[in-house]
Amino acid sequence: MRHLLFSTARQIGLADFSDDDVTQETLAILDRTLGFFRSTGGHEDAHVHPALESRSPGLTASFAEDHEEDDRLATEIGQLGDRIRNADETHRVALGIEVHERFNSYVGIYLGHLYREETELQQVLWDNFTDEELIAMDRAIAREIPLERMGDRLNRDVRELQP
């Protein structure tokens with residue numbers, strides 16, 4: 001996940017928004033990234049949080065709030081991307097700077113969320129669920145991912161396993 005955040009931030013930061021092709025490529029990457037993080041939050045809300053709540057009531061409330069905030073920020077950034085698509089060259093450059101700043105802010109907020117998940121939720125999952133139950137959650141999530149997006153997930157998983 002961090003790789004995706006950082007590589008997208010890098011792409012946006014290096015993009016020449018006066019170039020139509022670069023702009024379209026960058027916005028396509030931005031759209032995929034925002035879509036990935038939205039769907040990730042949705043999967044967690046649908047499969048992980050209810051399971052955690054069943055064994056540790058109240059634990060996930062602040063994480064659900066994080067997901068709402070993440071979704072709001074992603075929507076704003078996506079709308080900014082739409083404005084870039086419809087802008088002339090001069091305005092695209094200024095809006096490109098703005099989307100760069102807004103996305104980097106999103107990255108900072110999301111990294112804090114990931115840290116909290118890894119330090120607060122992960123241990124509760126390990127302590128309260130069997131390997132079989134955890135695998136079942138992962139499989140339920142995987143079944144919801146459209147085949148055309150599954151390749152992206154597998155590529156991401158492999159990148160994250162590399163040292």
# chains A, B, ... in the order shown; residues from 1 in each chain; ligands from 1
>>> residues_around(residues="segment 101-104 of chain A", least_positions_apart="2", cutoff="10 Å", atoms="only C-alpha atoms", output="PyMOL selection string")
chain A and resi 5-6+8-10+12-13+30+34+73-74+76-78+80+95-99+106-110
>>> closest_residue(among="A:Thr33, A:Thr26, A:Thr40, A:Ser54", to="Asp138 of chain A", atoms="only C-alpha atoms")
A:Thr40
>>> closest_residue(among="A:Asp16, A:Gly58, A:His67, A:Gln79", to="Asp31 of chain A", atoms="only C-alpha atoms")
A:Gln79
>>> closest_residue(among="A:Gly81, A:His91, A:Trp126, A:Ile135", to="Ala28 of chain A", atoms="only C-alpha atoms")
A:Gly81
>>> closest_residue(among="A:Phe36, A:Phe63, A:Phe129, A:Tyr115", to="Ile145 of chain A", atoms="only C-alpha atoms")
A:Phe36
>>> atom_distance(atom1="atom CA of Ala61 of chain A", atom2="atom CA of Glu117 of chain A")
12.2 Å
>>> atom_distance(atom1="atom CA of Leu14 of chain A", atom2="atom CA of Ser105 of chain A")
16.6 Å
>>> atom_distance(atom1="atom CA of Phe17 of chain A", atom2="atom CA of Val93 of chain A")
5.0 Å
